[in-house]
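Peer 1: Below is one structure. I have some questions about it.
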Amino acid sequence: MMRQMAGRYIPGDSVLHNIIPSAKLFSFILIIAAVIFTNTVVGYGAMVAFTVCVVLYSNTPIEGLIKSIAGMLPFFAVIFVMNSLFYSSDNPIWKFWFITLSKEGMIQGLNVVFRIAIIIIISGVLTQTTSTMGLMSGIETLIKPLKYIRVPVEEVAMILSVALQFIPTLIEESDKIKKAQIARGARFESEKLSERAMAMLPMIVPLFLSSFKRADELSMAMESRGYRGAKGRTPKARESLDRLSVMSIIACAALCALEVII
Amino acid sequence: MSIELKNITHIYEPGTPFEAAALNNVSLEIREGEKIGLMGRTGCGKSTLIQIMAGLIKPLNGNVIIDGIDIDEEGYDRTGLRQKLGIVFQYPEVQLFETTAYKDVAFGLKYSDLTPEEKDENIRWAFEITGFDPDKVGSKSPLELSGGEKRRLAIAGVLAVRPKYLILDEPIAGLDPVAREKFLKLLRDLNEEGMTIIMISHNADAIAGFADRTIVMSNGRIEIEGDTKTVFMDRPKADEAGISVSTAGRIAGMLRDRGIDVSEDVMSESELLKELCVHFNNDNRSEDQT
Ligand SMILES: Nc1ncnc2c1ncn2[C@@H]1O[C@H](COP(=O)(O)OP(=O)(O)OP(=O)(O)O)[C@@H](O)[C@H]1O
Ligand SMILES: [Mg+2]
């Protein structure tokens, strides 16, 4: 059910799989910046071309991406309608009370939808080509400079990695609990909102209890194996920047520069 | 009245890189009043099969027919299904969530048509049959109970609706031998009262001592099916499907090797005991005569 989430890591050997995680994350940040700066027709063209390349180089199943975008369509529709109706414009096509339908508003709506769609696709590709461990080490490398302003970087990384590794277990657990309660006659699809909140209790309470239990067990397991905070741990072997990773950063930086300039 | 599975095929997450075939064209009929043992190696599809039976997973292909009606039919009474088919998952204690034990056991009766008095009667029965005193334990928080008690309470919660069919996924894993025996006795008592019971277990002793009929699965198919004794006696096939000889069967074999005449088809402890009694009584009698 929830296991089918788009963006789950799919092991592979594509070009994107082989970029080292920290470089990939950094490239991702550059692309986000580029998306934000995009505002000309040429810019949009470049962005679309770039996204197509990224998808092709990642060997991601196209249907999955289409599905995740299709799932967002109602949301996109709302954004578009809101923007086209409430954009304050000087030459509206149609005006009624506080509603102003305008061409500028519609363009603005398309803009926002476009940006969100690109970001969804790119982040989907990122998580599909990077393992959880990879993401973690990437984040750890990128936030390392924060050490100089006294941020406990190793601890933050450890917390994130523990949290991330628990997600699949939690999903599995919640699936199991949900089935058990449905079998006992629980109804999760009640009509009234207040009832629906109550109806979720049979799921939420056991999930909390088992998470606390798990956290407890994990902390004991970590302590019994001698974990005493990140200080003094042997640092992980650093992945060195290879040519592919440098090229990825350069390409993304170039795209970003292009979008800023035009 | 029966549960009927017709040509069930199931694949998890079809069409994705995570595709996992779980069941391959499984057909099966379970009649009312039976005690069924379901065995097979890890990952052979047992849990998937029972969840499909209970209508919790919709199979990719095939039909589930309970008491003559296909459960995927338009307008099928799901609430009714929940009242007549109970399922106890592995480690059911995770499903406890209410503030008191009584409320938790009562949860399954929320949508039932029974009167409050009848509900209370059912709840008390469920407490008592699982070895609790409803007046003592009812007001306690489930969190105050020990691990074993929590499991029994969760089972009481499933039993409270007095299901006609009871399905259990490895209910005895992790129980001590005394608790296990007690639990199997509870299942036998429930069956005496007319409850149909389907139990998954890796424990050959438990299945040999409990089930009338045993189904052995392998790689998403039913590999062997039949009378428990026949299934366990067919050693070549059973070994291939990973079903070991029960302890009683093994002891009987050892006794035979040492020249004590125990019949070949001893499977369960009670049968072994019976054989030994007959044997020793005969010995005594022959000594008396001389
Ligand atoms: N939710 C799921 N998503 C994807 N695959 C699954 C899921 N549940 C089970 N499977 C796969 O389906 C197959 C059958 O699993 P199932 O849980 O039915 O086995 P089982 O016989 O109950 O095993 P066990 O004795 O270990 O409990 C396995 O290969 C398993 O990996
Ligand atoms: Mg199982």
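By convention in this document, the chains of the structure tokens carry letters A, B, ... by their order, each chain's residues are numbered from 1, and ligands are numbered from 1 in the order they are shown.
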Hey, which residues come within 6 Å of ligand 1 if we count only C-alpha atoms and all ligand atoms? Could you give them as a ChimeraX atom specification?
Peer 2: /B:12,20,22,41-48
Peer 1: Please return as a ChimeraX atom specification the residues found within 12 Å of ligand 2, counting only C-alpha atoms and all ligand atoms.
Peer 2: /A:176 /B:22,38-51,88-91,168-171,173,199-202,217
Peer 1: Would you please give, as a list in words, all residues of range 91-260 of chain B that DSSP assigns to strand (DSSP E) based on the backbone?
Peer 2: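 Answer for range 91-260 of chain B, restricted to strand (DSSP E): Tyr165, Leu166, Ile167, Leu168, Asp169, Thr196, Ile197, Ile198, Met199, Ile200, Arg213, Thr214, Ile215, Val216, Met217, Ser218, Arg221, Ile222, Glu223, Ile224, Glu225, Gly226 and Asp227 of chain B.
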Peer 1: Name the closest residue to Tyr111 in chain B among the candidates B:Arg78, B:His279, B:Lys185, B:Lys150; distances are taken between atoms, counting only C-alpha atoms.
Peer 2: B:Arg78
Peer 1: Rank B:Glu149, B:Glu98, B:Glu144, B:Asp133 by their smallest atom-to-atom distance to chain A, using only C-alpha atoms, and report the top residue only.
Peer 2: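 Answer, going by the shortest atom-to-atom distance: B:Glu98.
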Peer 1: Considering only C-alpha atoms, return as a ChimeraX atom specification whatever protein or nucleic-acid residues lie within 10 Å of range 35-40 of chain A, sequence-local ones (same chain, fewer than 4 positions apart) excluded.
Peer 2: /A:29-31,44-47,111-112,114-116,118-119,255-262
Peer 1: Could the residues in this selection be written to a file with C-alpha atoms, as an mmCIF file, in the first residue's frame?
Peer 2:
```
data_model
loop_
_atom_site.group_PDB
_atom_site.id
_atom_site.type_symbol
_atom_site.label_atom_id
_atom_site.label_comp_id
_atom_site.auth_asym_id
_atom_site.auth_seq_id
_atom_site.Cartn_x
_atom_site.Cartn_y
_atom_site.Cartn_z
ATOM 1 C CA ILE A 29 20.039 22.511 -4.222
ATOM 2 C CA LEU A 30 21.397 24.250 -7.329
ATOM 3 C CA ILE A 31 18.493 22.936 -9.402
ATOM 4 C CA TYR A 44 11.407 27.152 -19.126
ATOM 5 C CA GLY A 45 12.567 25.346 -22.234
ATOM 6 C CA ALA A 46 16.009 24.817 -20.733
ATOM 7 C CA MET A 47 14.523 23.614 -17.474
ATOM 8 C CA ASN A 111 4.394 29.362 -13.193
ATOM 9 C CA VAL A 112 3.805 28.026 -9.722
ATOM 10 C CA PHE A 114 5.353 24.289 -13.307
ATOM 11 C CA ARG A 115 7.883 24.897 -10.557
ATOM 12 C CA ILE A 116 6.243 22.515 -8.149
ATOM 13 C CA ILE A 118 9.691 20.140 -11.682
ATOM 14 C CA ILE A 119 10.686 20.005 -8.022
ATOM 15 C CA LEU A 255 21.801 25.841 -15.466
ATOM 16 C CA CYS A 256 21.347 27.984 -12.387
ATOM 17 C CA ALA A 257 23.517 30.758 -13.861
ATOM 18 C CA LEU A 258 21.586 30.582 -17.126
ATOM 19 C CA GLU A 259 18.248 30.973 -15.378
ATOM 20 C CA VAL A 260 19.545 33.894 -13.344
ATOM 21 C CA ILE A 261 20.978 35.721 -16.359
ATOM 22 C CA ILE A 262 18.120 35.395 -18.844
#
```
Peer 1: For chain B, report every residue with an atom at most 7 Å from chain A (counting only C-alpha atoms), formatted as a PyMOL selection string.
Peer 2: chain B and resi 13+56+79+82+86-87+89+94-97+108+158
Peer 1: Nearest to Ala54 in chain B: which of B:Ile198, B:Ala154, B:Val161, B:Asp135 is it, counting only C-alpha atoms?
Peer 2: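 Once distances to Ala54 in chain B are computed over only C-alpha atoms, the minimum belongs to B:Ile198.
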Peer 1: Would you compute the distance between CA of Ser174 in chain A and CA of Thr16 in chain B? Give it in Å to one decimal.
Peer 2: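 Separating CA of Ser174 in chain A from CA of Thr16 in chain B is a distance of 21.7 Å.
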Peer 1: List the neighbours of Ala157 in chain A out to 9 Å using only C-alpha atoms; skip same-chain residues closer than 5 positions along the sequence, and give me the result as an mmCIF file with N, CA, C and O atoms, in the first residue's frame.
Peer 2:
```cif
data_model
loop_
_atom_site.group_PDB
_atom_site.id
_atom_site.type_symbol
_atom_site.label_atom_id
_atom_site.label_comp_id
_atom_site.auth_asym_id
_atom_site.auth_seq_id
_atom_site.Cartn_x
_atom_site.Cartn_y
_atom_site.Cartn_z
ATOM 1 N N MET A 136 22.111 10.190 3.891
ATOM 2 C CA MET A 136 22.630 10.576 5.199
ATOM 3 C C MET A 136 24.044 11.095 5.104
ATOM 4 O O MET A 136 24.375 12.151 5.629
ATOM 5 N N SER A 137 24.894 10.316 4.431
ATOM 6 C CA SER A 137 26.297 10.731 4.381
ATOM 7 C C SER A 137 26.401 12.032 3.594
ATOM 8 O O SER A 137 27.217 12.891 3.903
ATOM 9 N N ILE A 139 24.110 14.455 3.490
ATOM 10 C CA ILE A 139 23.706 15.556 4.387
ATOM 11 C C ILE A 139 24.822 15.851 5.370
ATOM 12 O O ILE A 139 25.181 17.004 5.619
ATOM 13 N N GLU A 140 25.421 14.785 5.893
ATOM 14 C CA GLU A 140 26.479 14.976 6.885
ATOM 15 C C GLU A 140 27.623 15.804 6.295
ATOM 16 O O GLU A 140 28.139 16.718 6.938
ATOM 17 N N ILE A 143 26.525 19.528 5.792
ATOM 18 C CA ILE A 143 26.342 20.392 6.967
ATOM 19 C C ILE A 143 27.620 20.489 7.803
ATOM 20 O O ILE A 143 27.643 21.155 8.830
ATOM 21 N N PRO A 152 26.260 20.553 16.626
ATOM 22 C CA PRO A 152 26.770 19.186 16.795
ATOM 23 C C PRO A 152 26.441 18.339 15.564
ATOM 24 O O PRO A 152 25.501 17.545 15.559
ATOM 25 N N VAL A 162 18.958 7.630 12.198
ATOM 26 C CA VAL A 162 18.102 6.720 12.964
ATOM 27 C C VAL A 162 16.641 6.931 12.561
ATOM 28 O O VAL A 162 15.904 5.980 12.296
#
```
Peer 1: Applying 12 Å and only C-alpha atoms, which residues near Thr141 in chain A remain after dropping the ones on its own chain fewer than 3 positions away? List them as number ranges by chain.
Peer 2: A: 20-26, 134-138, 144-147, 153-154, 156-157, 235-241
Peer 1: Let's have the selection written as a compact mmCIF listing (two decimals), in the first residue's frame, with N, CA and C atoms.
Peer 2:
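Below you can see result-v7.txt, which holds the result:
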```
# COMPACT_ATOMS: atom_id res chain seq x y z
N ILE A 20 28.32 10.83 -6.42
CA ILE A 20 28.39 10.64 -4.96
C ILE A 20 27.32 11.50 -4.29
N PRO A 21 26.75 10.98 -3.20
CA PRO A 21 25.57 11.60 -2.60
C PRO A 21 25.73 13.09 -2.29
N SER A 22 26.88 13.48 -1.71
CA SER A 22 27.00 14.89 -1.33
C SER A 22 26.94 15.78 -2.57
N ALA A 23 27.59 15.34 -3.64
CA ALA A 23 27.56 16.12 -4.87
C ALA A 23 26.14 16.15 -5.45
N LYS A 24 25.44 15.02 -5.33
CA LYS A 24 24.08 14.95 -5.86
C LYS A 24 23.17 15.90 -5.09
N LEU A 25 23.32 15.90 -3.77
CA LEU A 25 22.50 16.80 -2.94
C LEU A 25 22.79 18.26 -3.27
N PHE A 26 24.08 18.56 -3.44
CA PHE A 26 24.47 19.92 -3.74
C PHE A 26 23.88 20.32 -5.10
N GLY A 134 23.13 6.72 1.77
CA GLY A 134 23.78 7.70 0.89
C GLY A 134 23.30 9.11 1.20
N LEU A 135 21.99 9.25 1.31
CA LEU A 135 21.43 10.58 1.63
C LEU A 135 22.02 11.10 2.93
N MET A 136 22.11 10.19 3.89
CA MET A 136 22.63 10.58 5.20
C MET A 136 24.04 11.09 5.10
N SER A 137 24.89 10.32 4.43
CA SER A 137 26.30 10.73 4.38
C SER A 137 26.40 12.03 3.59
N GLY A 138 25.54 12.19 2.59
CA GLY A 138 25.53 13.43 1.83
C GLY A 138 25.18 14.62 2.70
N LYS A 144 28.67 19.83 7.34
CA LYS A 144 29.92 19.85 8.11
C LYS A 144 30.40 21.26 8.46
N PRO A 145 30.35 22.21 7.51
CA PRO A 145 30.82 23.57 7.83
C PRO A 145 30.12 24.17 9.05
N LEU A 146 28.91 23.70 9.35
CA LEU A 146 28.17 24.26 10.48
C LEU A 146 28.87 23.97 11.81
N LYS A 147 29.83 23.03 11.77
CA LYS A 147 30.57 22.71 12.97
C LYS A 147 31.24 23.96 13.56
N VAL A 153 27.24 18.51 14.54
CA VAL A 153 26.95 17.93 13.23
C VAL A 153 26.79 16.41 13.28
N GLU A 154 27.71 15.72 13.97
CA GLU A 154 27.64 14.25 14.01
C GLU A 154 26.36 13.78 14.68
N VAL A 156 23.51 15.43 14.93
CA VAL A 156 22.38 15.71 14.04
C VAL A 156 22.29 14.62 12.98
N ALA A 157 23.44 14.25 12.42
CA ALA A 157 23.47 13.22 11.38
C ALA A 157 22.97 11.89 11.93
N PRO A 235 35.90 8.61 12.12
CA PRO A 235 35.13 9.19 11.01
C PRO A 235 34.98 8.18 9.88
N LYS A 236 33.88 8.30 9.18
CA LYS A 236 33.65 7.42 8.04
C LYS A 236 34.63 7.76 6.92
N ALA A 237 34.95 6.79 6.09
CA ALA A 237 35.83 7.07 4.96
C ALA A 237 35.15 8.10 4.07
N ARG A 238 35.88 9.12 3.70
CA ARG A 238 35.29 10.16 2.86
C ARG A 238 35.26 9.69 1.41
N GLU A 239 34.13 9.96 0.75
CA GLU A 239 34.10 9.66 -0.67
C GLU A 239 34.71 10.86 -1.36
N SER A 240 35.67 10.62 -2.25
CA SER A 240 36.28 11.78 -2.89
C SER A 240 35.45 12.12 -4.13
N LEU A 241 35.49 13.39 -4.47
CA LEU A 241 34.77 13.88 -5.64
C LEU A 241 35.38 13.27 -6.90
```
Peer 1: Could you check which of A:Ala117, A:Leu193, A:Ala33, A:Leu126 is closest to Ser58 in chain A, using only C-alpha atoms?
Peer 2: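 Of all the options, A:Leu126 lies closest to Ser58 in chain A.
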Peer 1: Do a neighbour search on range 122-130 of chain B at 10 Å with only C-alpha atoms, toss out local chain neighbours closer than 3 positions, and write the hits as a VMD selection string.
Peer 2: chain B and resid 101 to 109 114 116 to 119 133 to 135 137 to 138 149 151 to 162 182 to 183 186 to 187 189 to 190
Peer 1: Smallest atom-to-atom distance to Ala208 in chain B: which of B:Lys110, B:Lys140, B:Lys35, B:Arg256, using only C-alpha atoms?
Peer 2: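 Result for the nearest residue to Ala208 in chain B: B:Lys35.
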Peer 1: Measuring between only C-alpha atoms, which one of A:Leu142, A:Val78, A:Val54, A:Met200 shows the shortest distance to Val113 in chain A?
Peer 2: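 Nearest to Val113 in chain A: A:Val78.
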Peer 1: Write down as a PyMOL selection string the residues belonging to range 30-200 of chain B that are assigned alpha helix (DSSP H) by DSSP computed on the backbone.
Peer 2: chain B and resi 46-53+78-84+101-106+116-129+134-137+147-159+177-192
Peer 1: Could you check how far CA of Cys252 in chain A sits from CA of Asp13 in chain A, in Å to one decimal?
Peer 2: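 It comes out at 20.9 Å.
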Peer 1: Which residues are close to Lys6 in chain B, i.e. within 8 Å by only C-alpha atoms, leaving aside same-chain residues fewer than 5 positions away? Reply as a JSON list (two decimals) with N, CA, C and O atoms, in the first residue's frame.
Peer 2:
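Below is the file out.json, written as the result:
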```json
[["chain", "number", "residue", "atom", "x", "y", "z"],
["B", 25, "ASN", "N", -2.26, -19.48, -7.76],
["B", 25, "ASN", "CA", -3.39, -20.36, -8.06],
["B", 25, "ASN", "C", -3.74, -21.33, -6.93],
["B", 25, "ASN", "O", -3.71, -22.54, -7.10],
["B", 26, "VAL", "N", -4.08, -20.77, -5.78],
["B", 26, "VAL", "CA", -4.41, -21.59, -4.62],
["B", 26, "VAL", "C", -5.92, -21.78, -4.52],
["B", 26, "VAL", "O", -6.67, -20.81, -4.55],
["B", 27, "SER", "N", -6.36, -23.01, -4.41],
["B", 27, "SER", "CA", -7.77, -23.29, -4.18],
["B", 27, "SER", "C", -7.89, -24.13, -2.93],
["B", 27, "SER", "O", -7.05, -25.01, -2.69],
["B", 28, "LEU", "N", -8.95, -23.89, -2.15],
["B", 28, "LEU", "CA", -9.01, -24.51, -0.85],
["B", 28, "LEU", "C", -10.43, -24.39, -0.30],
["B", 28, "LEU", "O", -11.09, -23.38, -0.55],
["B", 62, "GLY", "N", -8.84, -14.35, -8.51],
["B", 62, "GLY", "CA", -9.48, -15.41, -7.74],
["B", 62, "GLY", "C", -10.58, -14.89, -6.84],
["B", 62, "GLY", "O", -10.77, -13.68, -6.70],
["B", 63, "ASN", "N", -11.33, -15.82, -6.24],
["B", 63, "ASN", "CA", -12.48, -15.45, -5.42],
["B", 63, "ASN", "C", -12.40, -16.04, -4.04],
["B", 63, "ASN", "O", -11.92, -17.14, -3.85],
["B", 64, "VAL", "N", -12.92, -15.27, -3.08],
["B", 64, "VAL", "CA", -13.07, -15.75, -1.71],
["B", 64, "VAL", "C", -14.56, -15.84, -1.46],
["B", 64, "VAL", "O", -15.27, -14.85, -1.56],
["B", 65, "ILE", "N", -15.03, -17.05, -1.14],
["B", 65, "ILE", "CA", -16.46, -17.23, -0.95],
["B", 65, "ILE", "C", -16.69, -17.70, 0.47],
["B", 65, "ILE", "O", -16.22, -18.76, 0.87]]
```
